[in-house]
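Heads up, data06.pdb below (PDB, C-alpha atoms):
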ATOM      1  CA  MET A   1       0.000   0.000   0.000
ATOM      2  CA  ILE A   2       1.213   3.481  -0.849
ATOM      3  CA  ILE A   3       1.252   5.876   2.109
ATOM      4  CA  ASP A   4      -0.268   9.077   0.749
ATOM      5  CA  GLY A   5       1.528  11.779   2.689
ATOM      6  CA  LYS A   6      -0.108  14.558   0.696
ATOM      7  CA  ALA A   7      -3.653  13.442   1.523
ATOM      8  CA  LEU A   8      -2.788  12.738   5.159
ATOM      9  CA  SER A   9      -1.144  16.133   5.508
ATOM     10  CA  GLU A  10      -4.267  17.816   4.141
ATOM     11  CA  THR A  11      -6.382  15.935   6.705
ATOM     12  CA  ILE A  12      -4.127  17.018   9.568
ATOM     13  CA  GLN A  13      -4.055  20.608   8.360
ATOM     14  CA  GLU A  14      -7.854  20.666   8.210
ATOM     15  CA  GLU A  15      -7.940  19.436  11.812
ATOM     16  CA  LEU A  16      -5.566  22.255  12.751
ATOM     17  CA  ARG A  17      -7.704  24.802  10.879
ATOM     18  CA  ILE A  18     -10.717  23.808  12.966
ATOM     19  CA  GLN A  19      -8.704  24.218  16.182
ATOM     20  CA  VAL A  20      -7.401  27.645  15.131
ATOM     21  CA  GLU A  21     -10.883  28.758  14.103
ATOM     22  CA  ALA A  22     -12.161  27.811  17.554
ATOM     23  CA  LEU A  23      -9.410  29.922  19.132
ATOM     24  CA  THR A  24     -10.094  33.008  17.038
ATOM     25  CA  GLN A  25     -13.849  32.720  17.596
ATOM     26  CA  LYS A  26     -13.097  33.072  21.315
ATOM     27  CA  GLY A  27     -11.290  36.332  20.577
ATOM     28  CA  LYS A  28      -7.787  34.901  20.832
ATOM     29  CA  ARG A  29      -5.059  35.665  18.328
ATOM     30  CA  ALA A  30      -3.978  33.084  15.769
ATOM     31  CA  PRO A  31      -0.654  31.249  16.201
ATOM     32  CA  HIS A  32       2.224  33.018  14.448
ATOM     33  CA  LEU A  33       5.061  31.281  12.584
ATOM     34  CA  ALA A  34       7.992  33.075  10.936
ATOM     35  CA  ALA A  35      10.672  31.901   8.545
ATOM     36  CA  ILE A  36      14.098  33.374   7.835
ATOM     37  CA  LEU A  37      15.387  32.674   4.322
ATOM     38  CA  ILE A  38      18.959  33.664   3.490
ATOM     39  CA  GLY A  39      20.107  33.646  -0.128
ATOM     40  CA  GLU A  40      18.395  32.292  -3.211
ATOM     41  CA  ASN A  41      18.635  28.508  -2.947
ATOM     42  CA  PRO A  42      15.703  27.331  -5.142
ATOM     43  CA  ALA A  43      14.971  24.248  -3.029
ATOM     44  CA  SER A  44      14.982  26.282   0.187
ATOM     45  CA  ALA A  45      12.715  28.898  -1.372
ATOM     46  CA  ALA A  46      10.281  26.155  -2.446
ATOM     47  CA  TYR A  47      10.259  24.612   1.044
ATOM     48  CA  VAL A  48       9.544  27.981   2.643
ATOM     49  CA  ARG A  49       6.728  28.706   0.157
ATOM     50  CA  ASN A  50       5.120  25.382   1.098
ATOM     51  CA  LYS A  51       5.301  26.307   4.771
ATOM     52  CA  ILE A  52       3.773  29.745   4.182
ATOM     53  CA  ARG A  53       0.945  28.180   2.151
ATOM     54  CA  ALA A  54       0.302  25.700   4.966
ATOM     55  CA  CYS A  55       0.044  28.598   7.430
ATOM     56  CA  GLU A  56      -2.618  30.175   5.210
ATOM     57  CA  LYS A  57      -4.549  26.888   5.074
ATOM     58  CA  VAL A  58      -4.658  26.382   8.828
ATOM     59  CA  GLY A  59      -5.240  30.019   9.742
ATOM     60  CA  PHE A  60      -1.840  30.844  11.217
ATOM     61  CA  LYS A  61      -0.272  34.251  10.835
ATOM     62  CA  SER A  62       2.980  33.910   8.912
ATOM     63  CA  THR A  63       5.989  36.165   8.399
ATOM     64  CA  LEU A  64       8.736  35.634   5.830
ATOM     65  CA  VAL A  65      12.020  37.461   6.297
ATOM     66  CA  GLN A  66      14.283  37.236   3.240
ATOM     67  CA  ARG A  67      17.840  38.513   3.087
ATOM     68  CA  PRO A  68      20.604  38.194   0.469
ATOM     69  CA  ALA A  69      23.310  35.574   0.875
ATOM     70  CA  ASN A  70      25.980  38.204   1.546
ATOM     71  CA  ILE A  71      24.596  39.476   4.862
ATOM     72  CA  SER A  72      26.885  38.951   7.841
ATOM     73  CA  GLU A  73      26.471  36.357  10.534
ATOM     74  CA  GLY A  74      26.066  39.203  13.021
ATOM     75  CA  GLU A  75      23.096  40.555  11.069
ATOM     76  CA  LEU A  76      21.422  37.154  11.099
ATOM     77  CA  LEU A  77      22.041  36.728  14.833
ATOM     78  CA  ALA A  78      20.490  40.164  15.429
ATOM     79  CA  MET A  79      17.379  39.064  13.503
ATOM     80  CA  ILE A  80      17.199  35.938  15.631
ATOM     81  CA  ALA A  81      17.478  37.996  18.820
ATOM     82  CA  ASP A  82      14.585  40.176  17.651
ATOM     83  CA  MET A  83      12.437  37.098  17.035
ATOM     84  CA  ASN A  84      13.370  35.647  20.409
ATOM     85  CA  ASN A  85      12.059  38.847  22.038
ATOM     86  CA  ASP A  86       8.841  39.115  19.993
ATOM     87  CA  ASN A  87       6.047  38.099  22.362
ATOM     88  CA  LEU A  88       3.554  37.822  19.492
ATOM     89  CA  LEU A  89       5.703  35.305  17.605
ATOM     90  CA  ASP A  90       5.215  31.689  18.717
ATOM     91  CA  GLY A  91       7.821  29.940  16.634
ATOM     92  CA  TYR A  92      10.238  30.459  13.775
ATOM     93  CA  ILE A  93      12.630  28.578  11.548
ATOM     94  CA  VAL A  94      15.924  29.506   9.963
ATOM     95  CA  GLN A  95      15.809  27.644   6.663
ATOM     96  CA  LEU A  96      18.819  25.393   6.108
ATOM     97  CA  PRO A  97      21.275  25.087   4.491
ATOM     98  CA  LEU A  98      22.787  28.494   5.103
ATOM     99  CA  PRO A  99      25.521  30.035   2.912
ATOM    100  CA  GLU A 100      28.983  28.779   3.777
ATOM    101  CA  HIS A 101      30.129  31.819   5.794
ATOM    102  CA  PHE A 102      27.525  31.104   8.505
ATOM    103  CA  SER A 103      28.030  28.700  11.410
ATOM    104  CA  GLU A 104      24.843  26.638  11.470
ATOM    105  CA  GLU A 105      25.733  25.493  14.984
ATOM    106  CA  LYS A 106      26.040  29.075  16.260
ATOM    107  CA  VAL A 107      22.761  30.024  14.562
ATOM    108  CA  THR A 108      20.912  27.035  16.018
ATOM    109  CA  LEU A 109      22.213  27.754  19.514
ATOM    110  CA  ALA A 110      21.009  31.367  19.248
ATOM    111  CA  ILE A 111      17.367  30.315  18.761
ATOM    112  CA  ASP A 112      15.182  30.439  21.885
ATOM    113  CA  PRO A 113      14.340  26.764  22.584
ATOM    114  CA  ARG A 114      10.748  27.807  23.320
ATOM    115  CA  LYS A 115      10.424  29.046  19.725
ATOM    116  CA  ASP A 116      12.510  26.286  18.126
ATOM    117  CA  VAL A 117       9.642  24.657  16.227
ATOM    118  CA  ASP A 118      12.128  22.831  13.976
ATOM    119  CA  GLY A 119      13.246  20.935  17.101
ATOM    120  CA  PHE A 120      16.961  21.321  16.334
ATOM    121  CA  HIS A 121      18.196  23.170  19.446
ATOM    122  CA  PRO A 122      20.285  20.905  21.747
ATOM    123  CA  TYR A 123      17.877  21.650  24.606
ATOM    124  CA  ASN A 124      14.963  20.215  22.637
ATOM    125  CA  VAL A 125      17.065  17.336  21.326
ATOM    126  CA  GLY A 126      17.985  16.515  24.927
ATOM    127  CA  LEU A 127      14.325  16.510  25.997
ATOM    128  CA  MET A 128      13.559  14.168  23.097
ATOM    129  CA  THR A 129      16.225  11.679  24.173
ATOM    130  CA  ILE A 130      14.637  11.329  27.628
ATOM    131  CA  GLY A 131      11.099  11.090  26.268
ATOM    132  CA  LYS A 132       9.989  14.575  27.355
ATOM    133  CA  ALA A 133      10.074  16.392  24.019
ATOM    134  CA  GLN A 134       8.570  19.844  23.621
ATOM    135  CA  TYR A 135       8.986  19.733  19.854
ATOM    136  CA  LEU A 136      10.080  16.802  17.733
ATOM    137  CA  PRO A 137      12.116  17.531  14.602
ATOM    138  CA  ALA A 138       9.508  18.102  11.916
ATOM    139  CA  THR A 139      10.404  15.263   9.538
ATOM    140  CA  PRO A 140      10.635  12.522  12.194
ATOM    141  CA  PHE A 141       7.411  13.918  13.701
ATOM    142  CA  GLY A 142       5.725  13.614  10.320
ATOM    143  CA  ILE A 143       6.928  10.019   9.948
ATOM    144  CA  LEU A 144       5.566   9.083  13.379
ATOM    145  CA  MET A 145       2.184  10.549  12.424
ATOM    146  CA  MET A 146       2.220   8.535   9.196
ATOM    147  CA  LEU A 147       2.894   5.277  11.000
ATOM    148  CA  GLU A 148       0.218   5.997  13.602
ATOM    149  CA  ARG A 149      -2.498   7.159  11.209
ATOM    150  CA  TYR A 150      -1.966   4.186   8.890
ATOM    151  CA  GLY A 151      -2.146   1.781  11.830
ATOM    152  CA  ILE A 152       1.304   0.318  11.191
ATOM    153  CA  GLU A 153       2.392  -1.881  14.086
ATOM    154  CA  THR A 154       5.860  -1.001  15.363
ATOM    155  CA  ALA A 155       6.177  -2.762  18.739
ATOM    156  CA  GLY A 156       8.681  -5.596  18.608
ATOM    157  CA  LYS A 157       9.609  -4.864  14.988
ATOM    158  CA  HIS A 158      13.137  -4.453  13.699
ATOM    159  CA  CYS A 159      13.583  -0.908  12.379
ATOM    160  CA  VAL A 160      16.624  -0.118  10.254
ATOM    161  CA  VAL A 161      17.460   3.557   9.740
ATOM    162  CA  VAL A 162      19.720   4.345   6.777
ATOM    163  CA  GLY A 163      21.572   7.599   7.481
ATOM    164  CA  ARG A 164      22.675   9.307  10.688
ATOM    165  CA  SER A 165      22.003  13.019  10.174
ATOM    166  CA  ASN A 166      20.971  15.168  13.123
ATOM    167  CA  ILE A 167      17.843  16.190  11.208
ATOM    168  CA  VAL A 168      16.411  12.735  10.398
ATOM    169  CA  GLY A 169      18.493   9.617  10.972
ATOM    170  CA  THR A 170      19.657  10.101  14.550
ATOM    171  CA  PRO A 171      16.361  11.423  15.980
ATOM    172  CA  MET A 172      14.420   8.754  14.067
ATOM    173  CA  SER A 173      16.516   5.984  15.627
ATOM    174  CA  ILE A 174      15.802   7.387  19.102
ATOM    175  CA  LEU A 175      12.081   7.834  18.505
ATOM    176  CA  MET A 176      11.537   4.359  17.068
ATOM    177  CA  SER A 177      13.201   2.748  20.096
ATOM    178  CA  ARG A 178      11.318   4.678  22.802
ATOM    179  CA  ASN A 179       8.531   3.149  24.883
ATOM    180  CA  SER A 180       5.531   4.773  23.195
ATOM    181  CA  LYS A 181       2.567   4.061  20.942
ATOM    182  CA  VAL A 182       4.731   4.410  17.839
ATOM    183  CA  GLY A 183       8.029   2.919  18.940
ATOM    184  CA  ASN A 184       9.199  -0.106  20.917
ATOM    185  CA  CYS A 185      11.284  -1.228  17.953
ATOM    186  CA  THR A 186      14.668  -2.856  18.004
ATOM    187  CA  VAL A 187      16.655  -0.289  16.031
ATOM    188  CA  THR A 188      19.746  -0.579  13.844
ATOM    189  CA  MET A 189      21.311   2.527  12.307
ATOM    190  CA  VAL A 190      23.442   2.036   9.192
ATOM    191  CA  HIS A 191      25.611   4.568   7.381
ATOM    192  CA  SER A 192      28.575   5.025   5.050
ATOM    193  CA  ARG A 193      30.926   3.039   7.315
ATOM    194  CA  THR A 194      28.613   0.038   7.755
ATOM    195  CA  LYS A 195      30.469  -2.997   6.384
ATOM    196  CA  ASP A 196      27.564  -5.057   4.994
ATOM    197  CA  LEU A 197      24.756  -2.564   4.667
ATOM    198  CA  LYS A 198      22.610  -4.821   2.489
ATOM    199  CA  ALA A 199      22.643  -7.583   5.127
ATOM    200  CA  GLU A 200      21.310  -5.076   7.648
ATOM    201  CA  THR A 201      18.553  -3.654   5.442
ATOM    202  CA  LEU A 202      17.368  -7.181   4.633
ATOM    203  CA  ARG A 203      16.649  -7.656   8.352
ATOM    204  CA  ALA A 204      14.311  -4.660   8.465
ATOM    205  CA  ASP A 205      10.593  -4.921   9.153
ATOM    206  CA  ILE A 206      10.535  -1.115   8.938
ATOM    207  CA  LEU A 207      13.144   0.577   6.737
ATOM    208  CA  ILE A 208      13.596   4.361   7.025
ATOM    209  CA  VAL A 209      15.934   5.742   4.368
ATOM    210  CA  ALA A 210      17.494   9.203   4.654
ATOM    211  CA  ILE A 211      20.877   9.026   2.997
ATOM    212  CA  GLY A 212      20.549  11.587   0.192
ATOM    213  CA  LYS A 213      21.473   9.299  -2.713
ATOM    214  CA  ALA A 214      19.016   8.812  -5.574
ATOM    215  CA  ASN A 215      17.583   5.270  -5.837
ATOM    216  CA  PHE A 216      20.164   3.992  -3.345
ATOM    217  CA  VAL A 217      17.964   1.219  -1.934
ATOM    218  CA  THR A 218      17.249  -1.426  -4.564
ATOM    219  CA  ALA A 219      14.846  -4.382  -4.568
ATOM    220  CA  ASP A 220      17.518  -6.885  -3.523
ATOM    221  CA  MET A 221      18.058  -4.891  -0.301
ATOM    222  CA  VAL A 222      14.475  -5.261   0.949
ATOM    223  CA  LYS A 223      12.658  -8.361   2.164
ATOM    224  CA  ASP A 224       9.011  -9.067   1.327
ATOM    225  CA  GLY A 225       6.458  -7.264   3.489
ATOM    226  CA  THR A 226       8.749  -4.474   4.663
ATOM    227  CA  VAL A 227       7.398  -1.020   5.518
ATOM    228  CA  VAL A 228       9.585   1.469   3.626
ATOM    229  CA  ILE A 229       9.717   5.177   4.508
ATOM    230  CA  ASP A 230      11.686   7.133   1.902
ATOM    231  CA  VAL A 231      12.869  10.507   3.193
ATOM    232  CA  GLY A 232      15.119  11.337   0.233
ATOM    233  CA  ILE A 233      14.464  14.094  -2.283
ATOM    234  CA  ASN A 234      16.876  14.010  -5.214
ATOM    235  CA  SER A 235      16.753  15.674  -8.609
ATOM    236  CA  VAL A 236      17.757  13.477 -11.556
ATOM    237  CA  PRO A 237      17.905  14.227 -15.310
ATOM    238  CA  ASP A 238      14.713  13.485 -17.277
ATOM    239  CA  SER A 239      14.411  14.685 -20.870
ATOM    240  CA  THR A 240      10.656  14.031 -20.884
ATOM    241  CA  THR A 241       9.925  16.831 -18.394
ATOM    242  CA  LYS A 242       9.763  20.579 -19.063
ATOM    243  CA  SER A 243      12.537  21.285 -16.545
ATOM    244  CA  GLY A 244      14.699  18.428 -17.783
ATOM    245  CA  GLN A 245      14.679  16.942 -14.291
ATOM    246  CA  ARG A 246      12.426  14.983 -11.944
ATOM    247  CA  LEU A 247      12.352  14.207  -8.248
ATOM    248  CA  VAL A 248      13.141  10.740  -6.931
ATOM    249  CA  GLY A 249      13.755   9.357  -3.470
ATOM    250  CA  ASP A 250      16.565   7.384  -1.915
ATOM    251  CA  VAL A 251      14.606   4.201  -2.753
ATOM    252  CA  ASP A 252      14.147   2.748  -6.242
ATOM    253  CA  PHE A 253      10.375   3.045  -5.907
ATOM    254  CA  LEU A 254       9.206   1.086  -8.971
ATOM    255  CA  ALA A 255      11.419  -1.906  -8.153
ATOM    256  CA  VAL A 256      10.953  -1.884  -4.387
ATOM    257  CA  ALA A 257       7.228  -1.085  -4.073
ATOM    258  CA  PRO A 258       5.942  -4.554  -5.145
ATOM    259  CA  LYS A 259       7.809  -6.115  -2.199
ATOM    260  CA  CYS A 260       6.437  -3.737   0.439
ATOM    261  CA  SER A 261       3.427  -3.854   2.734
ATOM    262  CA  PHE A 262       3.616  -0.031   2.877
ATOM    263  CA  ILE A 263       5.815   2.467   1.062
ATOM    264  CA  THR A 264       6.009   6.253   0.750
ATOM    265  CA  PRO A 265       6.345   7.830  -2.709
ATOM    266  CA  VAL A 266       8.578  10.743  -3.695
ATOM    267  CA  PRO A 267       7.201  13.304  -4.122
ATOM    268  CA  GLY A 268       3.981  13.156  -2.081
ATOM    269  CA  GLY A 269       5.169  11.079   0.847
ATOM    270  CA  VAL A 270       7.256  12.368   3.746
ATOM    271  CA  GLY A 271       7.653  15.929   2.415
ATOM    272  CA  PRO A 272       4.090  17.139   3.037
ATOM    273  CA  MET A 273       4.105  15.491   6.467
ATOM    274  CA  THR A 274       7.212  17.469   7.433
ATOM    275  CA  VAL A 275       5.208  20.650   6.883
ATOM    276  CA  SER A 276       2.366  19.281   9.033
ATOM    277  CA  GLY A 277       4.873  18.433  11.776
ATOM    278  CA  LEU A 278       6.033  22.048  11.733
ATOM    279  CA  MET A 279       2.451  23.306  11.962
ATOM    280  CA  MET A 280       1.772  20.980  14.912
ATOM    281  CA  ASN A 281       4.893  22.232  16.706
ATOM    282  CA  THR A 282       3.848  25.850  16.171
ATOM    283  CA  LEU A 283       0.428  25.225  17.683
ATOM    284  CA  LYS A 284       2.095  23.531  20.643
ATOM    285  CA  ALA A 285       4.424  26.530  21.133
ATOM    286  CA  TYR A 286       1.367  28.797  21.105
ATOM    287  CA  GLU A 287      -0.374  26.613  23.704
ATOM    288  CA  LEU A 288       2.706  26.395  25.943
ATOM    289  CA  TYR A 289       3.976  29.952  25.921
ATOM    290  CA  SER A 290       1.465  32.472  24.516
TER     291      SER A 290
END

Rewrite the structure of this file - the entire thing - as structure tokens.
Amino acid sequence: MIIDGKALSETIQEELRIQVEALTQKGKRAPHLAAILIGENPASAAYVRNKIRACEKVGFKSTLVQRPANISEGELLAMIADMNNDNLLDGYIVQLPLPEHFSEEKVTLAIDPRKDVDGFHPYNVGLMTIGKAQYLPATPFGILMMLERYGIETAGKHCVVVGRSNIVGTPMSILMSRNSKVGNCTVTMVHSRTKDLKAETLRADILIVAIGKANFVTADMVKDGTVVIDVGINSVPDSTTKSGQRLVGDVDFLAVAPKCSFITPVPGGVGPMTVSGLMMNTLKAYELYS
């Protein structure tokens, strides 16, 4: 079965819209999410547009702050300080990646953890590791919602996570092992230094792939009945399209899908759910601190 992240995201956003409408009907302000976009990275600009559109759908106030790539790190940190001190702003994101002259670590540390709706600040990561998360990183949060809403059993399953990034792989491995409704897996994390990666992926009941390599996981790496969550978004040449390119995941979808009990497509799988995870975190920030 294909997990339709786009349709599920629309359902969740409609649920959020109803909640926000109830708040505003009581005379309360709407939740407010801001985004800082530095430079002109086309993929980053597209991601931010999707987030702004989602805010419009659910009834959030949204603010987009765009600056050229050549601003200084000090200017960006001053913008962050202003957002930290804005009592009418519930949460904000600094869209990554940043131009090379910025320290992403320094920028992340400057964000007020109470407004860190991306869930990247070490304070929020620490809370997640002990099962007391304020905000989960948006993509792992979206994946958890997918598994729950589709009724996919995780307890006692072997989950293999391909990739160890701080944004997806590492938090996903923690979340799938925790004692919770979606969790209780035995988790293996594999990466570029894993000696026999294929042997590990063949053990997976649930395979979560976030390695950033187009069509990396092939049919011979997946056993029958596996649940496959493809987090990758890669652009590959395609002369049949207007742009000359098309998006594919980290999984060879056409070859792998027939072997799966569930699989996410690219596009239309994890991506829309990441946006819903961000919206959910923003509402939680509003409820906790407004």

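With all atoms listed in the file taken into account, every residue lying no more than 8 Å from the file point (7.3, 10.6, 0.5) is included here: Ile3, Asp4, Gly5, Ile229, Asp230, Val231, Gly232, Gly249, Thr264, Pro265, Val266, Pro267, Gly268, Gly269, Val270, Gly271 and Pro272 of chain A.
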
Q | Shell of 8 Å around Val187 (chain A), all atoms listed in the file, local chain residues under 2 positions omitted, as JSON, numbers by chain | A | {"A": [158, 159, 160, 161, 173, 176, 177, 185, 189]}

On this structure, the PyMOL selection byres ((chain A and resi 38) around 12) would catch which residues? List them as a PDB file with C-alpha atoms, in the coordinates of the input, sorted by chain and number.
ATOM      1  CA  ALA A  35      10.672  31.901   8.545  1.00  0.00           C
ATOM      2  CA  ILE A  36      14.098  33.374   7.835  1.00  0.00           C
ATOM      3  CA  LEU A  37      15.387  32.674   4.322  1.00  0.00           C
ATOM      4  CA  GLY A  39      20.107  33.646  -0.128  1.00  0.00           C
ATOM      5  CA  GLU A  40      18.395  32.292  -3.211  1.00  0.00           C
ATOM      6  CA  ASN A  41      18.635  28.508  -2.947  1.00  0.00           C
ATOM      7  CA  PRO A  42      15.703  27.331  -5.142  1.00  0.00           C
ATOM      8  CA  SER A  44      14.982  26.282   0.187  1.00  0.00           C
ATOM      9  CA  ALA A  45      12.715  28.898  -1.372  1.00  0.00           C
ATOM     10  CA  VAL A  48       9.544  27.981   2.643  1.00  0.00           C
ATOM     11  CA  LEU A  64       8.736  35.634   5.830  1.00  0.00           C
ATOM     12  CA  VAL A  65      12.020  37.461   6.297  1.00  0.00           C
ATOM     13  CA  GLN A  66      14.283  37.236   3.240  1.00  0.00           C
ATOM     14  CA  ARG A  67      17.840  38.513   3.087  1.00  0.00           C
ATOM     15  CA  PRO A  68      20.604  38.194   0.469  1.00  0.00           C
ATOM     16  CA  ALA A  69      23.310  35.574   0.875  1.00  0.00           C
ATOM     17  CA  ASN A  70      25.980  38.204   1.546  1.00  0.00           C
ATOM     18  CA  ILE A  71      24.596  39.476   4.862  1.00  0.00           C
ATOM     19  CA  SER A  72      26.885  38.951   7.841  1.00  0.00           C
ATOM     20  CA  GLU A  73      26.471  36.357  10.534  1.00  0.00           C
ATOM     21  CA  GLU A  75      23.096  40.555  11.069  1.00  0.00           C
ATOM     22  CA  LEU A  76      21.422  37.154  11.099  1.00  0.00           C
ATOM     23  CA  MET A  79      17.379  39.064  13.503  1.00  0.00           C
ATOM     24  CA  ILE A  93      12.630  28.578  11.548  1.00  0.00           C
ATOM     25  CA  VAL A  94      15.924  29.506   9.963  1.00  0.00           C
ATOM     26  CA  GLN A  95      15.809  27.644   6.663  1.00  0.00           C
ATOM     27  CA  LEU A  96      18.819  25.393   6.108  1.00  0.00           C
ATOM     28  CA  PRO A  97      21.275  25.087   4.491  1.00  0.00           C
ATOM     29  CA  LEU A  98      22.787  28.494   5.103  1.00  0.00           C
ATOM     30  CA  PRO A  99      25.521  30.035   2.912  1.00  0.00           C
ATOM     31  CA  GLU A 100      28.983  28.779   3.777  1.00  0.00           C
ATOM     32  CA  HIS A 101      30.129  31.819   5.794  1.00  0.00           C
ATOM     33  CA  PHE A 102      27.525  31.104   8.505  1.00  0.00           C
TER      34      PHE A 102
END

Q.
For a quick check of your reading of the model, name the residues lying within 12 Å of the coordinate (17.6, 0.8, 11.5), counting all atoms listed in the file, and write them as a PyMOL selection string.
A. chain A and resi 157-164+169-177+185-191+194+197-210+227-229

Q. Counting only C-alpha atoms, what is within 8 Å of Asn124 (chain A), bar same-chain residues fewer than 3 positions away, as a PyMOL selection string?
A. chain A and resi 113+116+119-121+127-128+133-136

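Checking A:Met280, A:Leu288, A:Val217, A:Met83 one by one against Cys55 (chain A), counting all atoms listed in the file, you find the shortest gap at A:Met280.
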
(Q) Once the PyMOL selection byres ((chain A and resi 261) around 7) is applied to the coordinates I shared, what remains selected? I want it as a VMD selection string. (A) chain A and resid 1 225 to 227 259 to 260 262 to 263

Just C-alpha atoms for this one: save the residues we selected as a PDB file, in the frame of the given file.
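See result-v5.pdb below for the written result:
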ATOM      1  CA  MET A   1       0.000   0.000   0.000  1.00  0.00           C
ATOM      2  CA  GLY A 225       6.458  -7.264   3.489  1.00  0.00           C
ATOM      3  CA  THR A 226       8.749  -4.474   4.663  1.00  0.00           C
ATOM      4  CA  VAL A 227       7.398  -1.020   5.518  1.00  0.00           C
ATOM      5  CA  LYS A 259       7.809  -6.115  -2.199  1.00  0.00           C
ATOM      6  CA  CYS A 260       6.437  -3.737   0.439  1.00  0.00           C
ATOM      7  CA  PHE A 262       3.616  -0.031   2.877  1.00  0.00           C
ATOM      8  CA  ILE A 263       5.815   2.467   1.062  1.00  0.00           C
TER       9      ILE A 263
END

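Between CA of Ala46 (chain A) and CA of Arg246 (chain A) there is a distance of 14.8 Å.
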
(Q) Could you list, as a list in words, every residue within 7 Å of Ala214 (chain A), counting only C-alpha atoms and ignoring same-chain residues fewer than 6 positions away? (A) Asn234, Val248, Gly249, Asp250 and Val251 of chain A

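Between CA of Asp112 (chain A) and CA of Pro137 (chain A) the interatomic distance comes to 15.1 Å.
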